[in-house]
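Just model_35.txt here, compact mmCIF, C-alpha atoms and all ligand atoms:
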# COMPACT_ATOMS: atom_id res chain seq x y z
CA MET A 23 -31.07 1.10 14.76
CA SER A 24 -32.34 4.64 14.22
CA GLN A 25 -29.57 7.15 13.61
CA ILE A 26 -31.55 9.88 15.36
CA LYS A 27 -30.63 10.51 18.98
CA ASN A 28 -33.23 12.53 20.80
CA ASN A 29 -31.05 13.93 23.55
CA PHE A 30 -27.76 13.76 25.46
CA ILE A 31 -28.69 10.51 27.17
CA GLU A 32 -29.41 8.66 23.94
CA SER A 33 -26.09 9.85 22.52
CA VAL A 34 -24.03 8.11 25.22
CA GLY A 35 -22.39 4.81 24.29
CA ASN A 36 -22.50 2.60 21.19
CA THR A 37 -19.05 3.83 20.23
CA PRO A 38 -17.07 2.12 17.44
CA LEU A 39 -13.98 -0.05 17.80
CA ILE A 40 -11.06 1.39 15.84
CA LYS A 41 -8.21 -0.84 14.72
CA LEU A 42 -4.88 0.46 16.01
CA LYS A 43 -2.49 -0.20 13.14
CA ALA A 44 0.97 0.12 14.69
CA ALA A 45 -0.02 -1.65 17.90
CA SER A 46 -1.48 -4.49 15.82
CA GLU A 47 1.59 -4.72 13.56
CA ILE A 48 4.09 -4.72 16.43
CA THR A 49 2.29 -7.62 18.12
CA GLY A 50 0.77 -9.54 15.19
CA CYS A 51 -2.56 -9.20 17.02
CA ASN A 52 -5.71 -7.30 16.19
CA ILE A 53 -5.67 -4.47 18.70
CA TYR A 54 -8.80 -2.34 18.82
CA GLY A 55 -9.52 0.87 20.72
CA LYS A 56 -13.08 1.60 21.82
CA ALA A 57 -13.61 5.20 20.75
CA GLU A 58 -15.10 6.54 23.95
CA TYR A 59 -13.96 10.06 23.07
CA LEU A 60 -16.95 10.10 20.69
CA ASN A 61 -19.38 10.28 23.60
CA PRO A 62 -21.31 13.60 23.73
CA GLY A 63 -19.25 14.97 26.64
CA GLY A 64 -16.05 13.75 24.99
CA SER A 65 -15.02 10.90 27.26
CA VAL A 66 -15.67 7.42 28.63
CA LYS A 67 -16.93 9.11 31.79
CA ASP A 68 -20.23 10.06 30.15
CA ARG A 69 -21.20 6.43 30.72
CA ALA A 70 -20.41 6.69 34.43
CA ALA A 71 -22.20 10.03 34.70
CA LEU A 72 -25.32 8.54 33.14
CA ALA A 73 -25.19 5.39 35.29
CA LEU A 74 -24.75 7.42 38.50
CA ILE A 75 -27.59 9.82 37.64
CA LYS A 76 -29.91 6.95 36.69
CA ASP A 77 -29.11 5.32 40.04
CA ALA A 78 -29.99 8.55 41.89
CA GLN A 79 -33.21 8.89 39.89
CA GLU A 80 -34.23 5.28 40.57
CA LYS A 81 -33.62 5.85 44.29
CA LYS A 82 -35.73 9.04 44.00
CA LEU A 83 -32.87 11.13 45.39
CA ILE A 84 -33.11 13.91 42.80
CA SER A 85 -35.59 15.74 40.57
CA GLU A 86 -35.50 18.87 38.37
CA GLY A 87 -33.88 21.74 40.25
CA GLY A 88 -31.74 19.37 42.32
CA ILE A 89 -27.96 19.49 42.68
CA VAL A 90 -25.30 16.91 41.81
CA VAL A 91 -22.01 17.21 43.71
CA GLU A 92 -18.92 15.26 42.67
CA GLY A 93 -15.18 15.01 43.18
CA THR A 94 -13.55 14.35 39.81
CA ALA A 95 -10.38 14.60 37.75
CA GLY A 96 -12.57 16.48 35.24
CA ASN A 97 -14.17 14.11 32.77
CA THR A 98 -16.87 12.82 35.10
CA GLY A 99 -17.59 16.43 36.00
CA ILE A 100 -17.98 17.38 32.35
CA GLY A 101 -20.33 14.43 31.76
CA LEU A 102 -22.33 15.13 34.93
CA CYS A 103 -22.65 18.84 34.17
CA LEU A 104 -23.76 18.39 30.53
CA LEU A 105 -26.15 15.60 31.43
CA GLY A 106 -27.38 17.65 34.40
CA ASN A 107 -27.95 20.67 32.14
CA SER A 108 -30.13 18.48 29.92
CA LEU A 109 -32.20 17.39 32.91
CA GLY A 110 -32.41 20.66 34.87
CA TYR A 111 -29.90 19.79 37.60
CA LYS A 112 -27.16 22.07 38.92
CA THR A 113 -23.65 20.66 39.17
CA ILE A 114 -20.98 21.38 41.76
CA ILE A 115 -17.56 19.97 40.95
CA VAL A 116 -14.69 19.58 43.41
CA MET A 117 -11.38 19.09 41.58
CA ASN A 118 -7.69 19.10 42.46
CA ASP A 119 -6.06 22.36 41.40
CA ASN A 120 -3.21 20.51 39.61
CA GLN A 121 -5.44 19.25 36.80
CA THR A 122 -5.03 20.90 33.38
CA GLN A 123 -6.35 24.41 32.78
CA GLU A 124 -8.21 23.01 29.77
CA LYS A 125 -10.44 20.88 31.99
CA LYS A 126 -10.98 23.72 34.48
CA ASP A 127 -11.98 26.07 31.62
CA THR A 128 -14.33 23.51 30.08
CA LEU A 129 -16.10 22.93 33.39
CA LYS A 130 -16.56 26.66 33.96
CA ASN A 131 -17.63 27.24 30.35
CA ILE A 132 -20.41 24.65 30.55
CA GLY A 133 -21.74 26.15 33.76
CA ALA A 134 -20.38 23.90 36.51
CA ASP A 135 -19.81 25.47 39.92
CA LEU A 136 -16.11 24.57 40.12
CA ARG A 137 -14.40 24.34 43.52
CA LEU A 138 -10.66 23.78 43.28
CA VAL A 139 -8.79 22.23 46.21
CA PRO A 140 -5.11 21.44 46.77
CA PRO A 141 -4.31 17.73 46.19
CA LYS A 142 -4.33 15.69 49.43
CA PRO A 143 -3.97 11.96 50.06
CA TYR A 144 -7.20 9.99 50.45
CA LYS A 145 -6.68 9.55 54.19
CA ASP A 146 -6.72 13.35 54.63
CA ASP A 147 -10.09 15.07 55.28
CA GLY A 148 -9.14 17.69 52.67
CA ASN A 149 -9.01 15.08 49.88
CA TYR A 150 -11.25 16.23 46.99
CA VAL A 151 -13.49 13.16 47.14
CA LYS A 152 -14.14 13.68 50.84
CA VAL A 153 -14.70 17.43 50.36
CA ALA A 154 -17.36 16.61 47.75
CA GLY A 155 -19.09 14.10 50.04
CA ARG A 156 -19.22 16.58 52.93
CA LEU A 157 -20.41 19.41 50.71
CA ALA A 158 -23.34 17.34 49.43
CA GLU A 159 -24.28 16.47 53.01
CA GLU A 160 -24.12 20.13 54.07
CA LEU A 161 -26.28 21.26 51.12
CA LYS A 162 -28.97 18.59 51.57
CA SER A 163 -31.17 20.71 53.81
CA THR A 164 -31.06 23.66 51.38
CA ASN A 165 -32.73 22.03 48.35
CA ASN A 166 -36.09 20.22 48.24
CA ASN A 167 -35.34 18.66 44.86
CA GLY A 168 -32.45 16.66 46.22
CA VAL A 169 -28.69 17.03 46.59
CA VAL A 170 -26.77 13.97 45.45
CA TRP A 171 -23.11 13.03 45.90
CA ALA A 172 -22.49 10.96 42.76
CA ASN A 173 -19.59 9.13 44.50
CA GLN A 174 -18.15 7.60 41.34
CA PHE A 175 -15.36 5.79 43.20
CA ASP A 176 -17.46 3.78 45.63
CA ASN A 177 -20.96 3.79 44.14
CA THR A 178 -20.96 0.57 42.12
CA ALA A 179 -23.68 1.93 39.83
CA ASN A 180 -20.60 3.16 37.91
CA ALA A 181 -19.23 -0.35 37.20
CA LYS A 182 -22.79 -1.57 36.62
CA GLY A 183 -23.13 1.00 33.82
CA HIS A 184 -20.08 -0.52 32.09
CA TYR A 185 -21.34 -4.06 32.81
CA GLU A 186 -24.60 -3.21 31.06
CA THR A 187 -23.21 -1.23 28.12
CA THR A 188 -19.44 -1.17 27.44
CA GLY A 189 -18.93 -4.91 28.10
CA PRO A 190 -21.82 -6.11 25.89
CA GLU A 191 -20.80 -3.69 23.13
CA ILE A 192 -17.23 -5.08 23.06
CA TRP A 193 -18.56 -8.65 23.05
CA GLU A 194 -20.92 -7.96 20.13
CA GLN A 195 -18.45 -5.85 18.14
CA THR A 196 -15.85 -8.63 18.24
CA ASP A 197 -18.46 -11.38 17.60
CA GLY A 198 -17.43 -12.84 20.94
CA LYS A 199 -13.89 -13.40 19.65
CA VAL A 200 -12.13 -11.09 22.09
CA ASP A 201 -9.10 -12.75 23.76
CA GLY A 202 -7.91 -9.90 25.96
CA PHE A 203 -9.07 -6.63 27.47
CA VAL A 204 -6.72 -4.12 29.03
CA CYS A 205 -7.25 -0.68 30.54
CA ALA A 206 -6.20 1.63 33.34
CA SER A 207 -8.27 2.29 36.43
CA GLY A 208 -9.30 5.60 37.94
CA THR A 209 -12.49 4.78 39.78
CA GLY A 210 -12.30 1.20 38.49
CA GLY A 211 -15.74 1.55 36.89
CA THR A 212 -14.60 0.63 33.39
CA ILE A 213 -12.37 -2.32 34.27
CA GLY A 214 -14.79 -3.46 37.00
CA GLY A 215 -17.86 -3.58 34.77
CA VAL A 216 -16.22 -4.71 31.52
CA SER A 217 -14.16 -7.48 33.15
CA LYS A 218 -17.16 -8.85 35.02
CA PHE A 219 -19.24 -9.00 31.83
CA LEU A 220 -16.51 -10.53 29.66
CA LYS A 221 -15.48 -13.14 32.25
CA GLU A 222 -19.13 -14.23 32.57
CA LYS A 223 -19.23 -14.71 28.79
CA ASN A 224 -15.88 -16.52 28.63
CA LYS A 225 -13.64 -17.00 31.66
CA ASN A 226 -10.60 -17.48 29.40
CA ILE A 227 -10.62 -13.85 28.24
CA LYS A 228 -7.53 -12.28 29.78
CA ILE A 229 -8.12 -9.06 31.71
CA TYR A 230 -5.09 -6.88 32.45
CA LEU A 231 -4.74 -3.64 34.34
CA SER A 232 -2.52 -1.03 32.70
CA ASP A 233 -1.36 1.11 35.60
CA PRO A 234 0.56 4.40 35.35
CA THR A 235 3.74 4.70 37.42
CA GLY A 236 2.87 6.50 40.67
CA SER A 237 -0.22 4.32 41.20
CA ALA A 238 -0.35 1.58 43.84
CA LEU A 239 -2.57 -0.83 41.92
CA TYR A 240 0.15 -2.60 39.91
CA ASN A 241 1.92 -3.75 43.06
CA HIS A 242 -1.42 -4.68 44.60
CA ILE A 243 -2.23 -7.03 41.70
CA MET A 244 1.25 -8.47 41.25
CA ASN A 245 2.56 -8.57 44.84
CA GLY A 246 -0.50 -8.11 47.05
CA GLU A 247 0.83 -4.84 48.40
CA LEU A 248 -0.63 -1.35 47.78
CA LYS A 249 2.66 0.38 47.01
CA ALA A 250 3.35 3.24 44.59
CA GLU A 251 6.63 4.08 42.87
CA GLY A 252 7.48 7.01 40.60
CA GLY A 253 4.99 9.42 39.08
CA SER A 254 3.13 10.27 35.88
CA ILE A 255 1.74 13.25 34.00
CA THR A 256 -1.40 11.25 33.14
CA GLU A 257 -4.68 12.39 34.67
CA GLY A 258 -7.76 10.49 35.81
CA ILE A 259 -6.04 7.15 36.29
CA GLY A 260 -4.13 5.36 39.02
CA SER A 261 -5.09 4.96 42.66
CA SER A 262 -3.68 4.63 46.15
CA ARG A 263 -6.59 2.50 47.33
CA ILE A 264 -9.04 -0.22 46.31
CA THR A 265 -12.29 1.51 45.47
CA LYS A 266 -15.58 -0.42 45.57
CA ASN A 267 -15.76 -0.27 41.77
CA PHE A 268 -12.21 -1.60 41.36
CA ALA A 269 -13.03 -4.39 43.82
CA GLU A 270 -15.58 -5.70 41.27
CA ALA A 271 -12.87 -6.28 38.65
CA LYS A 272 -11.76 -9.78 37.63
CA ILE A 273 -8.09 -9.24 36.81
CA ASP A 274 -5.45 -11.72 35.60
CA GLY A 275 -2.41 -9.46 35.70
CA ALA A 276 -1.06 -5.93 35.47
CA PHE A 277 1.48 -3.79 33.63
CA SER A 278 3.20 -0.73 35.05
CA ILE A 279 3.47 1.92 32.32
CA SER A 280 5.72 4.97 32.52
CA ASP A 281 5.20 8.25 30.64
CA GLN A 282 8.39 7.40 28.70
CA GLU A 283 6.60 4.33 27.36
CA SER A 284 3.11 5.79 26.82
CA LEU A 285 3.80 9.22 25.29
CA PRO A 286 5.63 7.96 22.17
CA VAL A 287 2.63 5.70 21.49
CA LEU A 288 0.36 8.78 21.54
CA TYR A 289 2.63 10.92 19.36
CA ASP A 290 2.98 8.08 16.84
CA LEU A 291 -0.81 7.68 16.67
CA ILE A 292 -1.22 11.38 15.90
CA GLN A 293 1.42 11.38 13.21
CA ASN A 294 0.68 8.09 11.49
CA GLU A 295 -2.91 7.13 12.26
CA GLY A 296 -4.62 10.50 12.72
CA LEU A 297 -5.79 9.70 16.22
CA SER A 298 -5.13 12.47 18.73
CA LEU A 299 -5.78 10.93 22.13
CA GLY A 300 -5.50 11.87 25.81
CA THR A 301 -2.80 10.74 28.20
CA SER A 302 -4.65 7.77 29.71
CA CYS A 303 -5.04 6.30 26.20
CA GLY A 304 -1.25 6.06 25.95
CA VAL A 305 -1.17 3.92 29.08
CA ASN A 306 -4.05 1.80 27.78
CA ILE A 307 -2.53 1.21 24.34
CA ALA A 308 0.98 0.59 25.72
CA GLY A 309 -0.70 -2.01 27.97
CA ALA A 310 -2.49 -3.55 24.98
CA ILE A 311 0.86 -3.87 23.17
CA ARG A 312 2.39 -5.55 26.23
CA LEU A 313 -0.57 -7.94 26.44
CA GLY A 314 -0.31 -8.69 22.71
CA LYS A 315 3.36 -9.62 23.16
CA GLU A 316 2.44 -11.82 26.13
CA LEU A 317 -0.49 -13.62 24.46
CA GLY A 318 1.25 -14.02 21.10
CA PRO A 319 0.18 -13.31 17.50
CA GLY A 320 -3.33 -13.76 16.16
CA LYS A 321 -5.20 -12.61 19.26
CA THR A 322 -7.91 -9.97 19.48
CA ILE A 323 -7.28 -7.38 22.16
CA VAL A 324 -9.49 -4.44 23.11
CA THR A 325 -8.64 -1.31 25.05
CA ILE A 326 -10.33 2.02 25.75
CA LEU A 327 -9.71 5.35 23.99
CA CYS A 328 -10.95 7.46 26.92
CA ASP A 329 -10.72 11.00 25.57
CA ARG A 330 -8.94 13.32 23.12
CA SER A 331 -5.59 15.08 23.49
CA ASP A 332 -7.09 18.60 23.47
CA LYS A 333 -7.73 18.46 27.24
CA TYR A 334 -3.99 18.02 27.78
CA ASN A 335 -2.48 20.51 25.29
CA SER A 336 -0.66 22.31 28.09
CA LYS A 337 1.16 19.10 29.01
CA MET A 338 1.37 16.84 25.95
CA PHE A 339 2.41 19.61 23.54
CA ASN A 340 4.28 21.89 25.92
CA LYS A 341 7.97 21.63 25.00
CA SER A 342 9.38 23.24 28.15
CA PHE A 343 7.11 21.18 30.41
CA LEU A 344 8.14 17.95 28.68
CA LYS A 345 11.81 18.92 28.65
CA GLU A 346 11.76 19.74 32.36
CA LYS A 347 10.33 16.30 33.09
CA ASN A 348 12.78 14.59 30.73
CA LEU A 349 9.94 13.28 28.59
CA PRO A 350 9.88 12.70 24.82
CA ILE A 351 8.87 15.70 22.69
CA PRO A 352 6.82 15.28 19.48
CA SER A 353 9.18 15.68 16.52
CA TRP A 354 6.98 18.28 14.77
CA LEU A 355 6.93 20.78 17.67
N1 LIG B 1 -9.08 8.02 31.47
C1 LIG B 1 -9.51 9.23 31.74
C2 LIG B 1 -9.06 10.37 30.89
C3 LIG B 1 -10.37 9.46 32.84
O1 LIG B 1 -10.81 10.70 33.11
C4 LIG B 1 -10.75 8.35 33.64
C5 LIG B 1 -11.65 8.53 34.81
N2 LIG B 1 -11.18 9.30 35.86
C6 LIG B 1 -10.25 7.10 33.32
C7 LIG B 1 -9.44 6.95 32.21
C8 LIG B 1 -10.53 5.89 34.18
O2 LIG B 1 -11.81 5.33 34.06
P1 LIG B 1 -12.50 4.66 35.31
O3 LIG B 1 -12.83 5.77 36.28
O4 LIG B 1 -13.72 4.01 34.75
O5 LIG B 1 -11.57 3.69 35.94

For the file at hand, write its structure as structure tokens.
Amino acid sequence: MSQIKNNFIESVGNTPLIKLKAASEITGCNIYGKAEYLNPGGSVKDRAALALIKDAQEKKLISEGGIVVEGTAGNTGIGLCLLGNSLGYKTIIVMNDNQTQEKKDTLKNIGADLRLVPPKPYKDDGNYVKVAGRLAEELKSTNNNGVVWANQFDNTANAKGHYETTGPEIWEQTDGKVDGFVCASGTGGTIGGVSKFLKEKNKNIKIYLSDPTGSALYNHIMNGELKAEGGSITEGIGSSRITKNFAEAKIDGAFSISDQESLPVLYDLIQNEGLSLGTSCGVNIAGAIRLGKELGPGKTIVTILCDRSDKYNSKMFNKSFLKEKNLPIPSWL
């Protein structure tokens, strides 16, 4: 394959699998992380952004000069804005005001029109996803080139993007020898698309959801009840509802992962393996370790390294913040 990428779009995907040493040693398995932080916008959500934009283009909903509106925890917004910049689209991002300053700054710095809203439950009309949907509707009449609500949660073009790219990449990179896949769900796009692809290849591949405390999905999978307990400092993952993308997922079981369990995994990876990863990666890797212990030694397990730690400096490396929440503090701070 040519090493030259002609633009943003061609630079999305085809990320390497990185062996996670400690996780593999603890379990006797081969645990690999798919290095999605190497995407051009810095996260797994570049794949969703591309899939959603392609869907809008195929439906002839947008052309140069058009506007993309989206409600996001940040990463999808960054992907949409950078991709949109490369195609001549404007980007309006609606985000909860409790997300890290790092993500707010990045969105502003790359030219997104950022609208911050106070966090509200999904059933509330003020919920950021619903605000984004209404805003796109209101703006439609003002732009002849199209105004699109990307709708990453319920537009299944998102999961389809992972079905067509992330899933096949994992299958090929492991020579079809993958025994388990585990990751958290935000929109459900990743787990929806990857699980569907892998189960079609081999129905015996175990698919597990790694769910942060404070999300209702763990109880939904294990007890059939959408019920949340506790909370988490992680961003971009967990849900109070079954999105259309999550509904596509073929899931065998779930783990509930607390910050107390996931943060030490992240700090250890920085110190001993040189991988400085974002908060959702801690939940993913802690889940992969749990799955490795459940499946037993010798198995090949894949998870997702969604983004880097630099978007979460003000949480992950903030001593007083961590202390206040009774969370582990990296030994070198
Ligand atoms: N990790 C991070 C850091 C994210 O931003 C997201 C998406 N919100 C996810 C994981 C979850 O991915 P998905 O939306 O495909 O479920």

List as JSON, numbers by chain the protein and nucleic acid residues lying within 9 Å of ligand LIG 1 (chain B), with all atoms listed in the file counted. {"A": [65, 66, 67, 69, 70, 94, 95, 96, 97, 98, 174, 175, 180, 181, 184, 205, 206, 207, 208, 209, 210, 211, 212, 213, 214, 215, 256, 257, 258, 259, 260, 267, 268, 300, 301, 302, 303, 306, 326, 327, 328, 329, 330, 333]}

Counting all atoms listed in the file, what is within 6 Å of Glu92 (chain A), bar same-chain residues fewer than 4 positions away, as a list in words? Ile115, Ala154, Trp171 and Ala172 of chain A

Of the candidates A:Ile255, A:Ile292, A:Ala134, A:Val216, which shows the shortest atom-to-atom distance to Thr235 (chain A), using only C-alpha atoms? A:Ile255

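Ranking A:Asn52, A:Asn165, A:Asn28, A:Asn340 by their shortest atom-to-atom distance to Val200 (chain A), with only C-alpha atoms included, puts A:Asn52 first.
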
Point out the residue among A:Asp290, A:Glu251, A:Glu283, A:Asp135 with the least atom-to-atom distance to Thr113 (chain A), counting all atoms listed in the file.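 Result for the nearest residue to Thr113 (chain A): A:Asp135.
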
Counting all atoms listed in the file, the option among A:Asp332, A:Asp68, A:Glu346, A:Glu295 closest to Ala45 (chain A):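 Closest candidate: A:Glu295.
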
Set the distance at 12 Å and use all atoms listed in the file: which residues neighbour Lys81 (chain A) once local chain neighbours fewer than 4 positions away are removed? I'd like the list as a PyMOL selection string. chain A and resi 74-77+85+168+170+179

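Excluding region 140-147 of chain A itself and any same-chain residue fewer than 6 positions from it, the protein and nucleic acid residues within 9 Å of it, counting only C-alpha atoms, are Met117, Asn118, Asp119, Asn120, Val153, Ser262 and Arg263 of chain A.
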
Could you tell me which of A:Glu270, A:Glu247, A:Glu222, A:Glu160 comes closest to Asn177 (chain A) if we count only C-alpha atoms?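 Checking each of A:Glu270, A:Glu247, A:Glu222, A:Glu160 against Asn177 (chain A), counting only C-alpha atoms, the winner is A:Glu270.
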
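With distances restricted to all atoms listed in the file, A:Ile307 is the closest residue to Ser232 (chain A) from A:Ala271, A:Leu288, A:Ile307, A:Met244.
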
Dig up all the protein and nucleic acid residues within 12 Å of (-0.1, -16.3, 16.7) in the file frame, using all atoms listed in the file, and format them as a list of chain:residue names. A:Ser46, A:Thr49, A:Gly50, A:Cys51, A:Asn52, A:Asp201, A:Gly314, A:Lys315, A:Glu316, A:Leu317, A:Gly318, A:Pro319, A:Gly320, A:Lys321, A:Thr322

From (-10.5, -16.0, 33.1), in the file's coordinates, out to 12 Å: which residues are reached, counting all atoms listed in the file? Answer as a PyMOL selection string. chain A and resi 201-203+217-230+271-275

Distance CA of Tyr54 (chain A)-CA of Pro190 (chain A), one decimal place?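 Between CA of Tyr54 (chain A) and CA of Pro190 (chain A) the gap works out to 15.3 Å.
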
To one decimal place in Å, what is the distance between CA of Gly88 (chain A) and CA of Thr122 (chain A)?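 Result for CA of Gly88 (chain A) versus CA of Thr122 (chain A): 28.2 Å, one decimal.
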
As an exercise, work out the distance from CA of Thr325 (chain A) to CA of Glu32 (chain A) in Å and give it to one decimal place. 23.1 Å

Please provide the set of residues having any atom within 10 Å of Tyr289 (chain A), restricted to only C-alpha atoms, with same-chain residues fewer than 2 positions apart removed, written as a list of chain:residue names. A:Ser284, A:Leu285, A:Pro286, A:Val287, A:Leu291, A:Ile292, A:Gln293, A:Asn294, A:Glu295, A:Gly296, A:Leu297, A:Ser298, A:Leu299, A:Gly304, A:Met338, A:Phe339, A:Pro350, A:Ile351, A:Pro352, A:Ser353, A:Trp354

As a PyMOL selection string, please: the residues near Glu86 (chain A) (cut-off 7 Å, all atoms listed in the file, same-chain neighbours under 5 positions excluded). chain A and resi 109-111+167
